[in-house]
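Printed here is coords_5.tsv (TSV, C-alpha atoms):
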chain	number	residue	atom	x	y	z
A	53	MET	CA	96.37	73.11	77.01
A	54	ALA	CA	94.79	75.39	74.44
A	55	THR	CA	96.62	78.48	73.26
A	56	ILE	CA	95.55	82.03	72.49
A	57	LYS	CA	94.35	82.55	68.93
A	58	LYS	CA	93.26	86.17	69.12
A	59	ILE	CA	92.56	88.99	71.57
A	60	ASN	CA	90.53	91.93	70.44
A	61	ALA	CA	88.83	94.86	72.15
A	62	THR	CA	86.29	97.57	71.51
A	63	GLU	CA	84.85	100.62	73.26
A	64	ILE	CA	81.60	100.32	75.24
A	65	ILE	CA	79.80	102.62	77.69
A	66	ASN	CA	79.93	102.14	81.46
A	67	SER	CA	77.33	102.87	84.14
A	68	ARG	CA	78.33	106.53	84.31
A	69	GLY	CA	77.84	107.08	80.59
A	70	TYR	CA	81.53	107.12	79.62
A	71	PRO	CA	83.64	104.66	77.59
A	72	THR	CA	85.44	101.64	78.91
A	73	ILE	CA	86.89	98.50	77.33
A	74	PHE	CA	85.13	95.33	76.23
A	75	GLY	CA	87.56	92.52	75.43
A	76	LYS	CA	87.31	89.09	73.83
A	77	LEU	CA	89.83	86.25	73.83
A	78	THR	CA	89.46	83.42	71.31
A	79	LEU	CA	91.30	80.12	71.78
A	80	ASP	CA	92.80	77.99	69.05
A	81	ASN	CA	89.85	75.60	69.53
A	82	ASP	CA	87.54	78.57	68.78
A	83	ARG	CA	86.10	78.74	72.29
A	84	ASP	CA	86.05	82.28	73.65
A	85	VAL	CA	85.59	84.42	76.77
A	86	THR	CA	84.74	88.10	77.23
A	87	ILE	CA	85.29	90.79	79.82
A	88	SER	CA	84.22	94.39	80.33
A	89	VAL	CA	86.33	96.31	82.81
A	90	PRO	CA	85.22	99.11	85.14
A	91	SER	CA	86.54	102.63	84.79
A	92	LEU	CA	88.79	104.06	87.44
A	93	GLU	CA	88.03	107.21	89.38
A	94	SER	CA	91.60	108.37	89.85
A	95	ILE	CA	91.63	111.19	92.40
A	96	ASN	CA	95.10	111.02	93.94
A	97	ASP	CA	98.56	111.22	92.41
A	98	TYR	CA	99.57	107.93	94.02
A	99	GLN	CA	96.92	105.99	92.11
A	100	THR	CA	97.37	104.21	88.81
A	101	VAL	CA	96.25	105.82	85.56
A	102	GLU	CA	93.46	104.75	83.24
A	103	LEU	CA	94.52	105.44	79.65
A	104	LYS	CA	92.16	107.98	78.07
A	105	ASP	CA	92.28	109.58	74.62
A	106	ASN	CA	92.06	113.15	75.95
A	107	ASP	CA	90.29	114.08	72.72
A	108	GLU	CA	87.72	116.67	73.78
A	109	LYS	CA	85.75	116.06	70.57
A	110	ARG	CA	84.77	112.58	71.81
A	111	PHE	CA	83.14	111.86	75.18
A	112	ASN	CA	84.69	114.96	76.74
A	113	GLY	CA	88.13	113.47	76.35
A	114	LYS	CA	87.24	110.22	78.14
A	115	GLY	CA	87.35	107.92	75.12
A	116	VAL	CA	89.52	104.80	75.27
A	117	THR	CA	90.30	104.12	71.60
A	118	ARG	CA	94.06	104.30	72.27
A	119	ALA	CA	93.79	101.59	74.92
A	120	VAL	CA	91.67	99.51	72.53
A	121	SER	CA	94.26	99.90	69.77
A	122	TYR	CA	97.05	98.78	72.11
A	123	ILE	CA	95.16	95.55	72.78
A	124	ASN	CA	94.27	94.94	69.13
A	125	ASN	CA	97.56	95.93	67.52
A	126	LEU	CA	100.28	95.59	70.15
A	127	ILE	CA	99.39	93.13	72.90
A	128	GLY	CA	97.00	90.72	71.16
A	129	PRO	CA	99.34	89.77	68.29
A	130	LYS	CA	102.27	89.25	70.70
A	131	LEU	CA	100.23	86.74	72.74
A	132	LYS	CA	99.08	84.65	69.79
A	133	GLY	CA	100.03	81.01	70.39
A	134	VAL	CA	100.80	81.51	74.09
A	135	SER	CA	99.53	78.83	76.48
A	136	LEU	CA	96.83	79.67	79.01
A	137	ASN	CA	98.88	78.22	81.86
A	138	LYS	CA	101.17	81.25	81.62
A	139	GLN	CA	99.04	83.66	83.68
A	140	PHE	CA	101.93	84.85	85.83
A	141	GLU	CA	104.33	85.10	82.89
A	142	ILE	CA	101.81	87.06	80.81
A	143	ASP	CA	101.08	89.42	83.70
A	144	ALA	CA	104.83	89.96	84.24
A	145	TRP	CA	105.27	90.71	80.54
A	146	LEU	CA	102.42	93.23	80.65
A	147	MET	CA	103.98	94.98	83.64
A	148	ASN	CA	107.41	95.07	82.01
A	149	THR	CA	105.96	96.34	78.75
A	150	ASP	CA	104.41	99.32	80.52
A	151	LYS	CA	107.45	99.98	82.74
A	152	THR	CA	105.91	103.05	84.43
A	153	LYS	CA	105.13	103.08	88.13
A	154	ASN	CA	101.57	104.35	87.64
A	155	LYS	CA	100.72	102.34	84.48
A	156	SER	CA	100.51	105.53	82.43
A	157	GLU	CA	102.11	104.05	79.32
A	158	LEU	CA	99.56	101.34	78.53
A	159	GLY	CA	96.93	102.23	81.10
A	160	ILE	CA	95.46	100.27	83.97
A	161	ASN	CA	92.38	99.51	81.86
A	162	THR	CA	94.46	97.94	79.09
A	163	LEU	CA	96.41	95.68	81.46
A	164	LEU	CA	93.35	94.61	83.44
A	165	THR	CA	91.41	93.66	80.31
A	166	VAL	CA	94.10	91.30	79.07
A	167	SER	CA	94.92	89.82	82.47
A	168	CYS	CA	91.26	89.05	83.23
A	169	LEU	CA	90.71	87.53	79.79
A	170	VAL	CA	93.62	85.14	80.28
A	171	ALA	CA	92.29	84.09	83.69
A	172	LYS	CA	88.75	83.52	82.39
A	173	ALA	CA	90.05	81.54	79.44
A	174	GLY	CA	92.23	79.43	81.73
A	175	ALA	CA	89.22	78.58	83.90
A	176	LYS	CA	87.14	77.69	80.87
A	177	GLU	CA	89.85	75.46	79.42
A	178	GLN	CA	90.29	73.70	82.78
A	179	LYS	CA	86.49	73.33	83.03
A	180	MET	CA	86.58	74.91	86.46
A	181	PRO	CA	84.32	77.57	87.98
A	182	LEU	CA	86.17	80.85	87.71
A	183	PHE	CA	86.31	81.36	91.50
A	184	LYS	CA	87.96	77.97	91.98
A	185	TYR	CA	90.46	78.60	89.20
A	186	LEU	CA	91.38	82.00	90.64
A	187	ASN	CA	91.76	80.37	94.05
A	188	SER	CA	94.22	77.85	92.59
A	189	LEU	CA	96.27	80.71	91.12
A	190	PHE	CA	96.13	82.70	94.35
A	191	ASN	CA	97.39	79.75	96.36
A	192	LYS	CA	100.53	79.64	94.20
A	193	ILE	CA	101.39	83.12	95.47
A	194	SER	CA	99.97	83.32	98.99
A	195	GLN	CA	100.63	80.81	101.74
A	196	PRO	CA	99.25	79.12	103.74
A	197	ALA	CA	96.85	77.90	101.08
A	198	LEU	CA	93.37	79.34	101.31
A	199	THR	CA	90.42	76.96	101.23
A	200	ILE	CA	87.09	78.24	99.97
A	201	ASP	CA	84.65	77.31	102.72
A	202	LYS	CA	82.42	80.35	103.13
A	203	MET	CA	80.86	83.24	101.29
A	204	PRO	CA	81.87	86.87	101.84
A	205	SER	CA	79.53	89.11	103.80
A	206	PRO	CA	78.07	91.94	101.70
A	207	ILE	CA	78.38	95.57	102.72
A	208	PHE	CA	75.32	97.41	101.40
A	209	PRO	CA	75.39	101.20	101.02
A	210	LEU	CA	71.79	102.29	101.64
A	211	LEU	CA	72.27	106.00	101.05
A	212	MET	CA	75.06	107.97	99.40
A	213	GLY	CA	76.32	111.41	100.36
A	214	GLY	CA	79.58	113.18	99.64
A	215	LYS	CA	80.85	114.00	96.16
A	216	HIS	CA	78.55	111.66	94.21
A	217	GLY	CA	75.67	111.44	96.68
A	218	GLN	CA	71.91	111.58	96.27
A	219	VAL	CA	71.65	113.57	99.51
A	220	ASP	CA	73.35	116.80	100.54
A	221	LEU	CA	75.31	115.23	103.38
A	222	ASP	CA	79.02	114.89	104.08
A	223	PHE	CA	79.54	111.17	104.61
A	224	LYS	CA	80.08	109.12	101.47
A	225	GLU	CA	78.18	105.91	102.29
A	226	PHE	CA	75.75	104.94	105.03
A	227	GLN	CA	75.98	101.14	105.12
A	228	VAL	CA	74.45	98.05	106.67
A	229	ILE	CA	76.32	94.78	107.12
A	230	PRO	CA	74.26	91.65	107.83
A	231	SER	CA	75.61	89.26	110.46
A	232	SER	CA	78.07	86.65	109.20
A	233	SER	CA	75.76	84.07	110.82
A	234	PHE	CA	73.31	84.75	107.97
A	235	SER	CA	73.64	82.84	104.73
A	236	TYR	CA	74.66	85.00	101.80
A	237	SER	CA	71.22	84.68	100.21
A	238	ARG	CA	69.57	85.74	103.48
A	239	SER	CA	71.95	88.70	103.75
A	240	TYR	CA	71.13	89.78	100.21
A	241	GLN	CA	67.38	89.61	100.84
A	242	VAL	CA	67.66	91.62	104.06
A	243	GLY	CA	69.88	94.19	102.37
A	244	VAL	CA	67.33	94.71	99.59
A	245	ASP	CA	64.49	95.04	102.11
A	246	LEU	CA	66.34	97.61	104.20
A	247	TYR	CA	67.35	99.57	101.13
A	248	HIS	CA	63.75	100.04	100.05
A	249	LEU	CA	62.52	100.80	103.57
A	250	LEU	CA	65.15	103.48	104.10
A	251	ARG	CA	64.37	105.02	100.72
A	252	GLU	CA	60.84	105.57	101.94
A	253	LEU	CA	62.24	107.54	104.87
A	254	TYR	CA	64.51	109.44	102.48
A	255	LYS	CA	61.39	111.24	101.24
A	256	TYR	CA	61.65	113.16	104.50
A	257	LYS	CA	64.76	115.32	104.30
A	258	PHE	CA	67.81	114.46	106.38
A	259	ASN	CA	69.48	117.57	107.75
A	260	TYR	CA	72.46	115.93	109.45
A	261	ASN	CA	74.64	112.87	108.95
A	262	LEU	CA	73.54	111.50	112.32
A	263	ASP	CA	69.89	111.69	111.17
A	264	VAL	CA	70.59	108.97	108.63
A	265	ILE	CA	72.26	106.74	111.20
A	266	ASP	CA	69.26	107.05	113.52
A	267	SER	CA	66.96	106.25	110.59
A	268	ILE	CA	68.96	103.16	109.70
A	269	LYS	CA	68.71	101.96	113.30
A	270	ASP	CA	64.93	102.56	113.31
A	271	THR	CA	64.55	100.81	109.93
A	272	VAL	CA	66.43	97.74	111.14
A	273	GLU	CA	64.26	97.52	114.26
A	274	LYS	CA	61.02	97.99	112.29
A	275	LYS	CA	62.07	94.99	110.23
A	276	GLY	CA	62.18	92.92	113.42
A	277	LEU	CA	65.96	92.69	113.42
A	278	VAL	CA	68.37	93.59	116.20
A	279	PHE	CA	70.67	96.51	115.44
A	280	GLY	CA	74.20	95.56	116.43
A	281	ARG	CA	73.51	91.82	116.39
A	282	ASP	CA	71.63	90.90	113.21
A	283	ILE	CA	72.54	94.02	111.29
A	284	PHE	CA	75.61	96.16	111.88
A	285	LEU	CA	76.32	99.75	110.94
A	286	GLY	CA	79.02	100.74	108.51
A	287	ILE	CA	80.04	104.24	107.45
A	288	ASN	CA	82.37	105.28	104.66
A	289	PHE	CA	83.10	108.84	105.71
A	290	GLY	CA	84.96	109.82	102.56
A	291	ALA	CA	86.70	112.43	104.73
A	292	PRO	CA	88.90	113.95	101.97
A	293	PHE	CA	85.67	115.41	100.54
A	294	PHE	CA	85.02	117.60	103.59
A	295	PHE	CA	88.63	118.30	104.59
A	296	ALA	CA	90.24	121.62	103.67
A	297	GLY	CA	92.69	123.99	105.33
A	298	LYS	CA	93.59	121.36	107.94
A	299	ARG	CA	89.99	121.32	109.16
A	300	TYR	CA	87.02	118.97	108.84
A	301	SER	CA	83.63	120.51	107.96
A	302	VAL	CA	80.55	118.39	108.73
A	303	LYS	CA	76.95	119.50	109.13
A	304	ASP	CA	76.82	117.95	112.60
A	305	LYS	CA	79.38	120.50	113.87
A	306	GLN	CA	78.67	124.22	113.86
A	307	GLN	CA	82.05	125.12	112.42
A	308	PRO	CA	85.08	123.43	110.83
A	309	VAL	CA	87.25	121.64	113.39
A	310	LEU	CA	90.86	120.51	113.62
A	311	SER	CA	91.82	116.86	113.59
A	312	ASP	CA	91.74	116.24	117.36
A	313	GLU	CA	88.30	117.79	117.81
A	314	TYR	CA	87.02	115.87	114.82
A	315	LEU	CA	88.42	112.69	116.37
A	316	ASN	CA	86.53	113.48	119.57
A	317	PHE	CA	83.33	113.90	117.52
A	318	LEU	CA	83.85	110.51	115.87
A	319	GLU	CA	84.49	108.80	119.19
A	320	LYS	CA	81.73	110.39	121.28
A	321	SER	CA	78.94	110.93	118.73
A	322	ILE	CA	79.32	107.84	116.52
A	323	ILE	CA	81.63	105.09	117.72
A	324	SER	CA	80.63	104.92	121.41
A	325	LYS	CA	76.96	105.55	120.59
A	326	TYR	CA	76.24	103.29	117.59
A	327	TYR	CA	79.10	100.75	117.81
A	328	PRO	CA	79.67	100.51	114.04
A	329	LEU	CA	81.25	97.33	112.76
A	330	MET	CA	83.08	99.21	110.05
A	331	ILE	CA	84.31	102.78	109.63
A	332	THR	CA	86.07	103.71	106.41
A	333	ASP	CA	88.20	106.70	105.36
A	334	CYS	CA	87.49	108.61	108.57
A	335	PHE	CA	90.40	110.99	108.02
A	336	ALA	CA	92.03	112.82	105.12
A	337	ASN	CA	94.60	110.95	103.07
A	338	GLU	CA	97.61	112.75	104.58
A	339	ASP	CA	96.30	113.01	108.14
A	340	TRP	CA	98.30	109.96	109.20
A	341	GLN	CA	98.34	111.14	112.81
A	342	GLY	CA	94.54	111.15	112.92
A	343	TRP	CA	94.42	107.64	111.46
A	344	ASN	CA	96.98	106.35	113.94
A	345	LYS	CA	95.23	107.87	116.94
A	346	LEU	CA	91.85	106.50	115.97
A	347	ASN	CA	93.23	103.03	115.34
A	348	GLY	CA	94.61	103.07	118.87
A	349	LEU	CA	91.20	103.99	120.28
A	350	VAL	CA	88.71	101.73	118.51
A	351	SER	CA	88.01	98.28	119.86
A	352	LYS	CA	89.00	95.10	118.07
A	353	GLU	CA	85.32	94.62	117.24
A	354	THR	CA	85.40	97.62	114.89
A	355	TYR	CA	87.20	97.55	111.57
A	356	LEU	CA	89.03	100.78	110.76
A	357	VAL	CA	89.12	100.53	106.97
A	358	ALA	CA	91.51	102.33	104.64
A	359	ASP	CA	90.15	102.73	101.12
A	360	GLU	CA	91.11	106.03	99.50
A	361	LEU	CA	93.99	106.33	101.97
A	362	ILE	CA	95.67	103.35	100.28
A	363	GLY	CA	94.20	103.46	96.76
A	364	SER	CA	95.46	99.88	96.20
A	365	ASN	CA	98.99	101.31	96.29
A	366	LYS	CA	101.70	98.98	97.60
A	367	GLU	CA	103.90	101.65	99.20
A	368	ARG	CA	100.99	103.28	101.03
A	369	LEU	CA	99.75	99.88	102.18
A	370	GLU	CA	103.16	99.11	103.64
A	371	LYS	CA	103.27	102.52	105.34
A	372	ALA	CA	99.83	101.99	106.88
A	373	ILE	CA	100.91	98.59	108.18
A	374	LYS	CA	104.15	99.97	109.63
A	375	GLU	CA	102.42	102.89	111.36
A	376	LYS	CA	99.45	100.77	112.48
A	377	SER	CA	97.04	103.19	110.80
A	378	CYS	CA	94.21	100.76	110.08
A	379	SER	CA	92.94	97.24	110.67
A	380	ALA	CA	91.40	96.65	107.24
A	381	VAL	CA	91.95	97.75	103.66
A	382	VAL	CA	89.91	97.87	100.46
A	383	PHE	CA	91.33	96.51	97.21
A	384	ARG	CA	89.95	97.15	93.73
A	385	PRO	CA	91.55	95.14	90.91
A	386	ASN	CA	90.94	98.03	88.52
A	387	GLN	CA	93.20	100.18	90.72
A	388	VAL	CA	96.02	97.65	90.57
A	389	GLY	CA	96.40	96.29	87.05
A	390	THR	CA	97.05	92.60	86.59
A	391	ILE	CA	95.61	89.70	88.54
A	392	THR	CA	99.08	88.79	89.77
A	393	GLU	CA	99.71	92.24	91.24
A	394	THR	CA	96.38	92.19	93.05
A	395	PHE	CA	97.18	88.76	94.48
A	396	ARG	CA	100.48	90.10	95.81
A	397	LEU	CA	98.82	93.06	97.52
A	398	ILE	CA	96.33	90.74	99.20
A	399	ASP	CA	99.21	88.50	100.29
A	400	ILE	CA	100.87	91.46	102.03
A	401	ALA	CA	97.63	92.14	103.93
A	402	ARG	CA	97.25	88.45	104.85
A	403	LYS	CA	100.80	88.18	106.16
A	404	ASN	CA	100.25	91.23	108.38
A	405	GLN	CA	96.83	90.17	109.75
A	406	ILE	CA	95.09	93.04	107.94
A	407	ASN	CA	91.51	92.34	106.93
A	408	TYR	CA	91.08	92.83	103.19
A	409	GLN	CA	87.88	93.68	101.37
A	410	ILE	CA	87.08	93.67	97.66
A	411	ALA	CA	85.02	96.49	96.15
A	412	SER	CA	83.78	97.58	92.76
A	413	ASP	CA	84.18	101.11	91.38
A	414	LEU	CA	81.91	103.94	90.24
A	415	GLY	CA	82.23	103.47	86.46
A	416	GLU	CA	81.03	99.86	86.45
A	417	THR	CA	79.67	97.45	83.85
A	418	ASP	CA	77.41	94.41	84.19
A	419	ASP	CA	80.44	92.11	84.18
A	420	ASN	CA	80.63	89.88	87.28
A	421	PHE	CA	84.31	88.83	87.24
A	422	ILE	CA	84.93	90.60	90.56
A	423	ALA	CA	82.38	88.36	92.33
A	424	ASP	CA	84.36	85.23	91.44
A	425	PHE	CA	87.59	87.03	92.26
A	426	SER	CA	86.31	87.95	95.74
A	427	VAL	CA	85.44	84.36	96.59
A	428	GLY	CA	88.66	83.05	95.05
A	429	VAL	CA	90.85	85.19	97.32
A	430	GLY	CA	88.76	84.46	100.41
A	431	THR	CA	87.76	88.00	101.26
A	432	GLU	CA	85.55	88.39	104.32
A	433	PHE	CA	83.58	91.37	102.95
A	434	VAL	CA	82.54	92.72	99.56
A	435	ASN	CA	81.02	96.04	98.57
A	436	PHE	CA	79.50	96.14	95.09
A	437	GLY	CA	77.37	99.20	95.77
A	438	PRO	CA	73.67	99.49	96.67
A	439	PRO	CA	71.69	96.27	95.99
A	440	VAL	CA	70.02	97.84	92.94
A	441	HIS	CA	70.98	98.80	89.35
A	442	GLY	CA	72.17	96.28	86.79
A	443	GLU	CA	75.91	96.80	87.22
A	444	ASN	CA	75.63	96.05	90.95
A	445	VAL	CA	73.08	93.24	91.00
A	446	ALA	CA	74.99	91.33	88.30
A	447	LYS	CA	77.75	90.85	90.87
A	448	TYR	CA	75.46	90.15	93.83
A	449	ASN	CA	73.47	87.67	91.72
A	450	ARG	CA	76.67	85.89	90.69
A	451	LEU	CA	77.42	85.39	94.39
A	452	LEU	CA	74.01	83.69	94.71
A	453	GLU	CA	75.13	81.20	92.07
A	454	ILE	CA	78.48	80.63	93.76
A	455	GLU	CA	76.75	80.07	97.10
A	456	LYS	CA	74.86	77.14	95.56
A	457	GLU	CA	78.10	75.68	94.15
A	458	ILE	CA	79.91	75.97	97.46

Rewrite the coordinates I just gave you, this time as structure tokens.
Amino acid sequence: MATIKKINATEIINSRGYPTIFGKLTLDNDRDVTISVPSLESINDYQTVELKDNDEKRFNGKGVTRAVSYINNLIGPKLKGVSLNKQFEIDAWLMNTDKTKNKSELGINTLLTVSCLVAKAGAKEQKMPLFKYLNSLFNKISQPALTIDKMPSPIFPLLMGGKHGQVDLDFKEFQVIPSSSFSYSRSYQVGVDLYHLLRELYKYKFNYNLDVIDSIKDTVEKKGLVFGRDIFLGINFGAPFFFAGKRYSVKDKQQPVLSDEYLNFLEKSIISKYYPLMITDCFANEDWQGWNKLNGLVSKETYLVADELIGSNKERLEKAIKEKSCSAVVFRPNQVGTITETFRLIDIARKNQINYQIASDLGETDDNFIADFSVGVGTEFVNFGPPVHGENVAKYNRLLEIEKEI
């Protein structure tokens, strides 16, 4: 087995125009691998921390030269000569070196860069596709062993509202999810078609959140597909964005409402009318009672997904499982840290019959590691953003390649 000769990093710019880390690992046989990691949008105090320079003279304080220097001068030299079959040991050393609960010492971006480089180099040395190599590592942690026999179904956001949206609406993502009976390539093609068709309708202003849902339904039917059979509805509400003073404020209601009335709105105006396959972050992050009530109401055919509620945090995941707050959870490796830690979170979900999904983040790059990772851990659904823009399509296109290999 080859050993590590050198690890070095540099600063590059992500899809949002801010710095992130590009890393390179060279083996003692002079073969090499590279990685560019996404930036983390940390919005809650229970999430991990991306190490930033906080130097307002550079990139408004969002530079990552400190993280780069840690890789080049602290971590890289310590790993020189280490075998590539030490993924778990290296990840454990990285975690112990940081020692903080939220990764604030070295930064989540620093740890992820090194962990991913080691995994990619291990796959290359073993002459295995990355998704198969990651699957072999995952099966050493999670049992029963997971066999790769299908592709994940893509979740395509067609229109974005909320904090970062193109439209002045409350809900964060209006999504379509092609039937799992479709091949991945067929799903991708349909997702692209629907995206462009809905964008044509977007030229006519949407006044309410429900207007978009009706337009999605009409778009699906105009394409000759059956809404609720061929194509399913998904909504990421992003409820923390429109929650304040213990009330939820949405354009579809005349005035802000308390949790129970908001729950009634969700049930009567959306769930029982449109039968969404997936509803995400319907309630605020501390409205556990709202989450628990809704999970008791929705049918088993609807996934109640916790994304921001959990933030890839182990303690909050365990609380959600204990209180039966959700039936599915979103994991982002760049919210966790090392590959090993992400595997262990997924294992907790598996053991408790919680559906787990893999998603990319806002500050992305054109790296496609997460596509291989998603297949390797056997996720049922992925969300890499709208099926456009280079940072998104790099990941969706990688899944096309994997589909052919499988």

Between CA of Lys371 (chain A) and CA of Leu329 (chain A), distance in Å (one decimal): 23.8 Å

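The shortest atom-to-atom distance to Lys305 (chain A), with all atoms listed in the file taken into account, belongs to A:Asp222 out of A:Asp222, A:Glu360, A:Ser232, A:Leu211.
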
For region 149-240 of chain A versus region 246-249 of chain A, which residues have an atom no more than 12 Å away, and what is each residue's nearest atom pair and distance in Å rounded to one decimal, using only C-alpha atoms, chain-then-number order, as a tab-separated table?
residue	atom	partner	partner_atom	distance
A:Ile207	CA	A:Tyr247	CA	11.8
A:Phe208	CA	A:Tyr247	CA	8.3
A:Pro209	CA	A:Tyr247	CA	8.2
A:Leu210	CA	A:Tyr247	CA	5.2
A:Leu211	CA	A:Tyr247	CA	8.1
A:Met212	CA	A:Tyr247	CA	11.5
A:Phe226	CA	A:Tyr247	CA	10.7
A:Gln227	CA	A:Tyr247	CA	9.6
A:Val228	CA	A:Leu246	CA	8.5
A:Ile229	CA	A:Leu246	CA	10.8
A:Pro230	CA	A:Leu246	CA	10.6
A:Ser239	CA	A:Leu246	CA	10.5
A:Tyr240	CA	A:Leu246	CA	10.0

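Taking only C-alpha atoms, the non-local environment of Tyr300 (chain A) within 8 Å (same-chain residues fewer than 4 positions away omitted) comprises A:Ala291, A:Phe294, A:Phe295, A:Ala296, A:Pro308, A:Val309, A:Leu310, A:Ser311, A:Tyr314.
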
Point-to-point distance from CA of Asn386 (chain A) to CA of Ile142 (chain A), Å rounded to tenths: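 Taking CA of Asn386 (chain A) as the start and CA of Ile142 (chain A) as the end point, the length is 17.3 Å.
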
For region 294-306 of chain A, what centre and edge lengths in Å (one decimal) does the axis-aligned box get once 8 Å is added on each side of all its listed atoms, as lines of an AutoDock Vina configuration file?
center_x = 85.2
center_y = 120.9
center_z = 108.7
size_x = 32.8
size_y = 22.6
size_z = 26.3
